[in-house]
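start-v5.cif follows; it contains mmCIF, C-alpha atoms.
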data_entry
#
loop_
_atom_site.label_atom_id
_atom_site.label_comp_id
_atom_site.auth_asym_id
_atom_site.auth_seq_id
_atom_site.Cartn_x
_atom_site.Cartn_y
_atom_site.Cartn_z
CA MET N 1 57.04 -69.93 71.32
CA PRO N 2 60.14 -71.91 70.43
CA ARG N 3 62.98 -69.80 69.13
CA SER N 4 63.01 -71.72 65.85
CA GLN N 5 59.42 -70.60 65.15
CA ARG N 6 59.94 -66.91 65.86
CA ARG N 7 59.77 -64.62 62.90
CA LEU N 8 62.17 -61.77 62.52
CA PRO N 9 60.52 -58.38 61.99
CA THR N 10 60.21 -57.36 58.37
CA VAL N 11 62.60 -54.56 57.45
CA GLU N 12 61.52 -52.33 54.62
CA ARG N 13 64.34 -51.76 52.17
CA VAL N 14 64.95 -48.13 51.33
CA SER N 15 67.18 -47.15 48.45
CA TRP N 16 69.75 -44.41 48.93
CA PRO N 17 70.02 -41.84 47.63
CA PRO N 18 66.24 -41.57 47.35
CA ARG N 19 64.91 -41.79 43.83
CA VAL N 20 62.84 -38.90 42.60
CA VAL N 21 60.58 -38.98 39.60
CA MET N 22 61.74 -36.40 37.07
CA ARG N 23 58.73 -34.36 36.05
CA LYS N 24 59.23 -31.99 33.16
CA ALA N 25 59.02 -28.41 34.36
CA ALA N 26 58.82 -25.21 32.37
CA GLY N 27 61.69 -22.79 31.93
CA LEU N 28 64.62 -25.21 32.28
CA ARG N 29 63.54 -26.02 35.86
CA THR N 30 63.21 -29.84 35.56
CA LEU N 31 66.51 -30.77 37.22
CA GLU N 32 66.31 -28.05 39.85
CA ALA N 33 62.71 -28.98 40.72
CA ALA N 34 63.71 -32.62 41.24
CA LEU N 35 66.55 -31.63 43.56
CA ILE N 36 64.30 -29.29 45.54
CA ARG N 37 61.66 -32.03 45.94
CA SER N 38 64.42 -34.22 47.37
CA GLY N 39 65.17 -31.62 50.03
CA LEU N 40 68.41 -30.54 48.37
CA GLY N 41 67.51 -26.94 47.66
CA PRO N 42 68.20 -24.17 47.21
CA VAL N 43 70.12 -24.97 44.02
CA ALA N 44 72.91 -22.78 42.69
CA GLY N 45 74.20 -22.79 39.14
CA VAL N 46 77.74 -21.87 38.09
CA ASP N 47 79.05 -20.90 34.66
CA GLU N 48 81.83 -18.88 33.06
CA ALA N 49 82.53 -16.60 30.13
CA GLY N 50 85.89 -16.08 28.49
CA ARG N 51 87.70 -19.41 28.44
CA GLY N 52 88.66 -19.16 24.79
CA PRO N 53 89.72 -15.53 24.16
CA SER N 54 93.38 -14.57 24.07
CA ALA N 55 92.66 -11.24 25.77
CA GLY N 56 90.62 -10.09 28.71
CA PRO N 57 89.60 -11.76 31.95
CA LEU N 58 87.80 -14.97 32.74
CA VAL N 59 84.48 -14.16 34.41
CA VAL N 60 82.70 -16.76 36.55
CA ALA N 61 79.23 -16.36 38.04
CA ALA N 62 77.15 -18.29 40.56
CA CYS N 63 73.42 -17.77 40.83
CA MET N 64 70.81 -19.19 43.19
CA LEU N 65 67.25 -18.83 41.95
CA ALA N 66 64.10 -19.01 44.04
CA PRO N 67 62.36 -22.43 44.08
CA LYS N 68 59.30 -20.98 42.34
CA ALA N 69 59.79 -20.10 38.70
CA HIS N 70 59.18 -16.49 37.67
CA ASP N 71 57.51 -15.62 34.37
CA ALA N 72 60.06 -12.84 33.94
CA LEU N 73 62.80 -15.48 33.66
CA ALA N 74 60.96 -17.67 31.15
CA GLY N 75 63.34 -16.55 28.42
CA LEU N 76 66.44 -17.91 30.17
CA ASP N 77 68.68 -19.99 27.94
CA ASP N 78 72.32 -20.56 27.15
CA SER N 79 73.71 -17.01 26.96
CA LYS N 80 75.43 -17.83 23.65
CA LYS N 81 72.02 -18.50 22.10
CA LEU N 82 70.59 -15.17 23.25
CA THR N 83 71.05 -11.85 21.54
CA GLU N 84 73.04 -9.14 23.30
CA ALA N 85 69.86 -7.12 23.81
CA THR N 86 68.10 -10.10 25.41
CA ARG N 87 71.04 -10.76 27.73
CA GLU N 88 71.14 -7.11 28.79
CA ALA N 89 67.39 -7.17 29.47
CA LEU N 90 67.66 -10.37 31.53
CA TYR N 91 70.61 -9.19 33.61
CA PRO N 92 68.73 -6.78 35.94
CA VAL N 93 65.83 -9.24 36.21
CA ILE N 94 68.16 -12.02 37.35
CA THR N 95 69.95 -9.81 39.89
CA ARG N 96 66.59 -8.62 41.26
CA LEU N 97 64.87 -12.02 41.54
CA ALA N 98 67.81 -14.26 42.49
CA LEU N 99 68.11 -15.45 46.09
CA ALA N 100 71.85 -14.77 45.81
CA TRP N 101 74.40 -14.15 43.07
CA HIS N 102 78.11 -13.49 42.84
CA VAL N 103 80.49 -12.68 39.98
CA VAL N 104 84.25 -13.29 40.06
CA VAL N 105 86.74 -11.74 37.63
CA ILE N 106 90.06 -13.53 37.09
CA PRO N 107 92.51 -11.26 35.23
CA ALA N 108 94.73 -12.32 32.35
CA TRP N 109 97.91 -12.42 34.45
CA GLU N 110 96.39 -14.91 36.89
CA ILE N 111 95.23 -17.10 34.00
CA ASP N 112 98.83 -17.06 32.76
CA ALA N 113 100.11 -17.95 36.23
CA ILE N 114 97.88 -20.96 36.95
CA GLY N 115 96.41 -22.01 33.60
CA ILE N 116 92.92 -21.53 32.22
CA HIS N 117 91.40 -24.77 33.56
CA VAL N 118 92.70 -24.23 37.09
CA ALA N 119 91.58 -20.61 36.90
CA ASN N 120 88.12 -21.78 35.88
CA LEU N 121 87.88 -24.23 38.79
CA GLU N 122 89.17 -21.63 41.24
CA GLY N 123 86.74 -19.06 39.89
CA MET N 124 83.81 -21.43 40.37
CA ARG N 125 84.85 -22.15 43.96
CA ARG N 126 85.17 -18.40 44.66
CA ALA N 127 81.81 -17.69 43.05
CA VAL N 128 79.99 -20.26 45.20
CA ALA N 129 81.80 -19.09 48.33
CA GLY N 130 80.77 -15.51 47.60
CA LEU N 131 77.03 -16.22 47.48
CA GLY N 132 76.70 -15.36 51.15
CA ARG N 133 74.67 -18.50 51.87
CA THR N 134 75.47 -22.17 51.34
CA PRO N 135 73.42 -23.85 48.62
CA GLY N 136 71.87 -27.24 49.21
CA TYR N 137 73.19 -28.33 45.83
CA VAL N 138 75.37 -26.87 43.07
CA LEU N 139 75.06 -27.53 39.35
CA THR N 140 78.16 -26.75 37.32
CA ASP N 141 78.36 -26.45 33.57
CA GLY N 142 80.31 -29.23 31.94
CA PHE N 143 82.75 -30.63 34.48
CA ARG N 144 83.17 -31.51 38.13
CA VAL N 145 84.54 -28.83 40.44
CA PRO N 146 86.33 -30.23 43.52
CA GLY N 147 86.38 -28.18 46.69
CA ILE N 148 82.81 -26.90 46.67
CA PRO N 149 81.49 -27.25 50.26
CA CYS N 150 78.20 -28.92 49.30
CA PRO N 151 76.97 -31.66 46.96
CA SER N 152 77.45 -30.81 43.30
CA LEU N 153 76.80 -32.27 39.88
CA PRO N 154 78.41 -31.45 36.52
CA VAL N 155 75.81 -31.02 33.80
CA VAL N 156 76.94 -31.28 30.18
CA GLY N 157 75.33 -28.41 28.29
CA GLY N 158 74.06 -27.16 31.62
CA ASP N 159 73.45 -23.60 30.47
CA ALA N 160 70.77 -24.95 28.14
CA THR N 161 69.46 -27.47 30.69
CA ALA N 162 69.20 -25.81 34.11
CA ALA N 163 67.78 -22.34 34.71
CA CYS N 164 70.25 -21.52 37.50
CA ILE N 165 73.22 -22.30 35.22
CA ALA N 166 71.63 -20.31 32.39
CA ALA N 167 71.19 -17.37 34.78
CA ALA N 168 74.84 -17.62 35.83
CA SER N 169 75.92 -17.74 32.19
CA VAL N 170 74.02 -14.51 31.47
CA LEU N 171 75.58 -12.77 34.49
CA ALA N 172 79.07 -13.86 33.45
CA LYS N 173 78.63 -13.02 29.76
CA VAL N 174 77.09 -9.58 30.31
CA THR N 175 79.74 -8.65 32.90
CA ARG N 176 82.59 -9.70 30.63
CA ASP N 177 81.15 -8.03 27.52
CA ARG N 178 80.77 -4.75 29.40
CA MET N 179 84.36 -5.00 30.59
CA MET N 180 85.64 -5.64 27.06
CA VAL N 181 83.73 -2.61 25.72
CA GLU N 182 85.36 -0.48 28.40
CA LEU N 183 88.76 -1.94 27.55
CA ASP N 184 88.19 -0.92 23.95
CA HIS N 185 87.89 2.69 25.13
CA ARG N 186 91.07 2.48 27.21
CA LEU N 187 93.06 0.40 24.72
CA PRO N 188 91.89 1.50 21.26
CA GLY N 189 93.00 -0.25 18.12
CA TYR N 190 92.44 -3.87 19.10
CA GLY N 191 88.69 -3.88 18.52
CA PHE N 192 87.83 -5.43 21.89
CA ALA N 193 84.27 -4.05 21.78
CA ALA N 194 83.56 -6.05 18.62
CA HIS N 195 85.31 -9.39 19.11
CA LYS N 196 85.53 -9.37 22.95
CA GLY N 197 89.10 -10.72 22.85
CA TYR N 198 88.39 -13.84 20.77
CA ASN N 199 90.83 -14.81 18.05
CA THR N 200 89.06 -13.32 15.06
CA PRO N 201 91.01 -12.31 11.93
CA GLU N 202 90.54 -8.66 12.93
CA HIS N 203 91.96 -9.29 16.40
CA ASN N 204 94.92 -11.25 15.07
CA ALA N 205 95.69 -8.49 12.56
CA ALA N 206 95.63 -5.86 15.32
CA LEU N 207 97.79 -8.06 17.53
CA GLN N 208 100.36 -8.37 14.75
CA GLN N 209 100.38 -4.63 14.13
CA LEU N 210 100.27 -3.33 17.72
CA GLY N 211 101.72 -6.21 19.72
CA PRO N 212 100.19 -7.55 22.96
CA CYS N 213 98.75 -5.21 25.58
CA VAL N 214 98.42 -5.68 29.33
CA GLU N 215 95.11 -7.51 28.86
CA HIS N 216 96.51 -10.21 26.55
CA ARG N 217 97.18 -13.69 27.89
CA ARG N 218 100.85 -14.50 27.41
CA SER N 219 100.14 -18.23 27.82
CA TRP N 220 98.31 -18.15 24.45
CA ARG N 221 100.69 -19.04 21.63
CA ASN N 222 99.39 -16.44 19.19
CA VAL N 223 100.08 -13.76 21.83
CA ARG N 224 103.60 -14.98 22.62
CA GLU N 225 104.45 -14.97 18.94
CA HIS N 226 103.91 -11.20 18.82
CA GLU N 227 105.60 -10.34 22.12
CA PRO N 228 108.41 -7.82 21.47
CA GLN N 229 111.87 -9.19 22.19
CA GLY N 230 113.15 -8.18 25.61
CA ALA N 231 109.71 -7.19 26.88
CA VAL N 232 109.25 -8.27 30.49
CA GLY N 233 106.63 -7.57 33.12
CA ARG N 234 103.53 -5.45 32.75
CA PRO N 235 102.33 -2.06 33.95
CA VAL N 236 102.09 -1.85 37.71
CA ARG N 237 98.54 -0.57 37.67
CA HIS N 238 95.51 -0.76 35.43
CA GLU N 239 91.76 -0.58 35.77
CA VAL N 240 89.31 -3.44 35.73
CA VAL N 241 85.78 -2.25 35.04
CA ALA N 242 82.95 -4.17 36.71
CA THR N 243 79.21 -3.74 36.43
CA SER N 244 78.98 -1.85 39.71
CA GLY N 245 81.76 0.61 38.92
CA THR N 246 85.51 0.67 38.51
CA VAL N 247 87.81 -1.47 40.60
CA ILE N 248 91.50 -0.63 40.68
CA VAL N 249 93.71 -3.70 40.58
CA ASP N 250 97.34 -3.35 41.57
CA GLN N 251 99.50 -5.69 39.53
CA VAL N 252 103.09 -5.77 40.73
CA THR N 253 105.06 -8.25 38.67
CA SER N 254 106.99 -9.65 41.65
CA ASN N 255 104.01 -9.93 43.98
CA ARG N 256 100.67 -10.21 42.18
CA LEU N 257 97.46 -10.65 44.07
CA ALA N 258 94.14 -11.69 42.53
CA THR N 259 91.21 -9.34 42.99
CA ASP N 260 87.60 -10.36 42.45
CA ALA N 261 84.82 -8.12 41.25
CA LEU N 262 82.32 -8.77 43.99
CA HIS N 263 78.62 -8.68 43.27
CA THR N 264 76.49 -10.09 46.05
CA ARG N 265 72.89 -9.64 46.90
#
How would this structure read if it were set down as structure tokens?
Amino acid sequence: MPRSQRRLPTVERVSWPPRVVMRKAAGLRTLEAALIRSGLGPVAGVDEAGRGPSAGPLVVAACMLAPKAHDALAGLDDSKKLTEATREALYPVITRLALAWHVVVIPAWEIDAIGIHVANLEGMRRAVAGLGRTPGYVLTDGFRVPGIPCPSLPVVGGDATAACIAAASVLAKVTRDRMMVELDHRLPGYGFAAHKGYNTPEHNAALQQLGPCVEHRRSWRNVREHEPQGAVGRPVRHEVVATSGTVIVDQVTSNRLATDALHTR
């Protein structure tokens, strides 16, 4: 056959990345189910608690749920929409059913040293790294997190959209609330158990009367305004209470090292 009459083989065009039909799934599992059907599972979610308060740590959690939804986790939602009792009831269920989970605690002094946004990004990277297994995909709440060693996607309002992010938000919120209750016992007068370090009128009144404590963030303006003149440094040692017990964190002003509260499964 003359070369001019030869037909080139037909090449089927394949789009990349492959398109997956989004089928609505129960229990905030729609996005995760689509990723798993694409071969990108298991999917981990990452969220934090404590960006806004002027006292206490930032707590970041990563959680990897099993591909199959569990009825016991049907009540998962944005932790801020759940009651404290519901969050406490979900916490042991999440830790029992999750494929892996990890919680990182970033203390106030480290937030002051690197800034809250950088601390949040660093906490998310540490939380994913601490899972003990590499996820196929990571969903983060709200913004992109560079440096995660696998594909990731920021999801606006993710804690009300993806079950794995909602689970992470519950782990972070419950861990931080428990820590703030314990801080209220060790540092009475500030009302940490009630307001959890947020800038409520009661907290601001206590801050004005008592001045900042070791758990206050000096990079917050309302804290700096009440710092006694000539006050430098912080106590060398204090306790950070985590869900699994008490972790002693040495804080030497000239050579501070971050310590995570490790919770892996």
Problem set entry | 12 Å contact set for stretch 33-44 of chain N, only C-alpha atoms, chain neighbours under 3 positions out, as a ChimeraX atom specification | /N:16-30,47,61-69,98-102,124,127-141,148,150-154,158,162-168
Result set, the PyMOL selection byres ((chain N and resi 174) around 9) on current file, as a CSV table (one decimal) with C-alpha atoms, in the frame of the given file:
chain,number,residue,atom,x,y,z
N,49,ALA,CA,82.5,-16.6,30.1
N,79,SER,CA,73.7,-17.0,27.0
N,84,GLU,CA,73.0,-9.1,23.3
N,87,ARG,CA,71.0,-10.8,27.7
N,88,GLU,CA,71.1,-7.1,28.8
N,91,TYR,CA,70.6,-9.2,33.6
N,169,SER,CA,75.9,-17.7,32.2
N,170,VAL,CA,74.0,-14.5,31.5
N,171,LEU,CA,75.6,-12.8,34.5
N,172,ALA,CA,79.1,-13.9,33.4
N,173,LYS,CA,78.6,-13.0,29.8
N,175,THR,CA,79.7,-8.6,32.9
N,176,ARG,CA,82.6,-9.7,30.6
N,177,ASP,CA,81.2,-8.0,27.5
N,178,ARG,CA,80.8,-4.8,29.4
N,179,MET,CA,84.4,-5.0,30.6
N,243,THR,CA,79.2,-3.7,36.4
For this session: Considering all atoms listed in the file, state which residue in the set N:Ala85, N:Ile114, N:His185, N:Tyr190 is at the smallest distance from N:Glu202.
Result: N:Tyr190
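Between atom CA of N:Asp112 and atom CA of N:Gly197 the interatomic distance comes to 15.3 Å.
We find atom CA of N:Gln208 and atom CA of N:Val59 to be spaced 25.9 Å apart.
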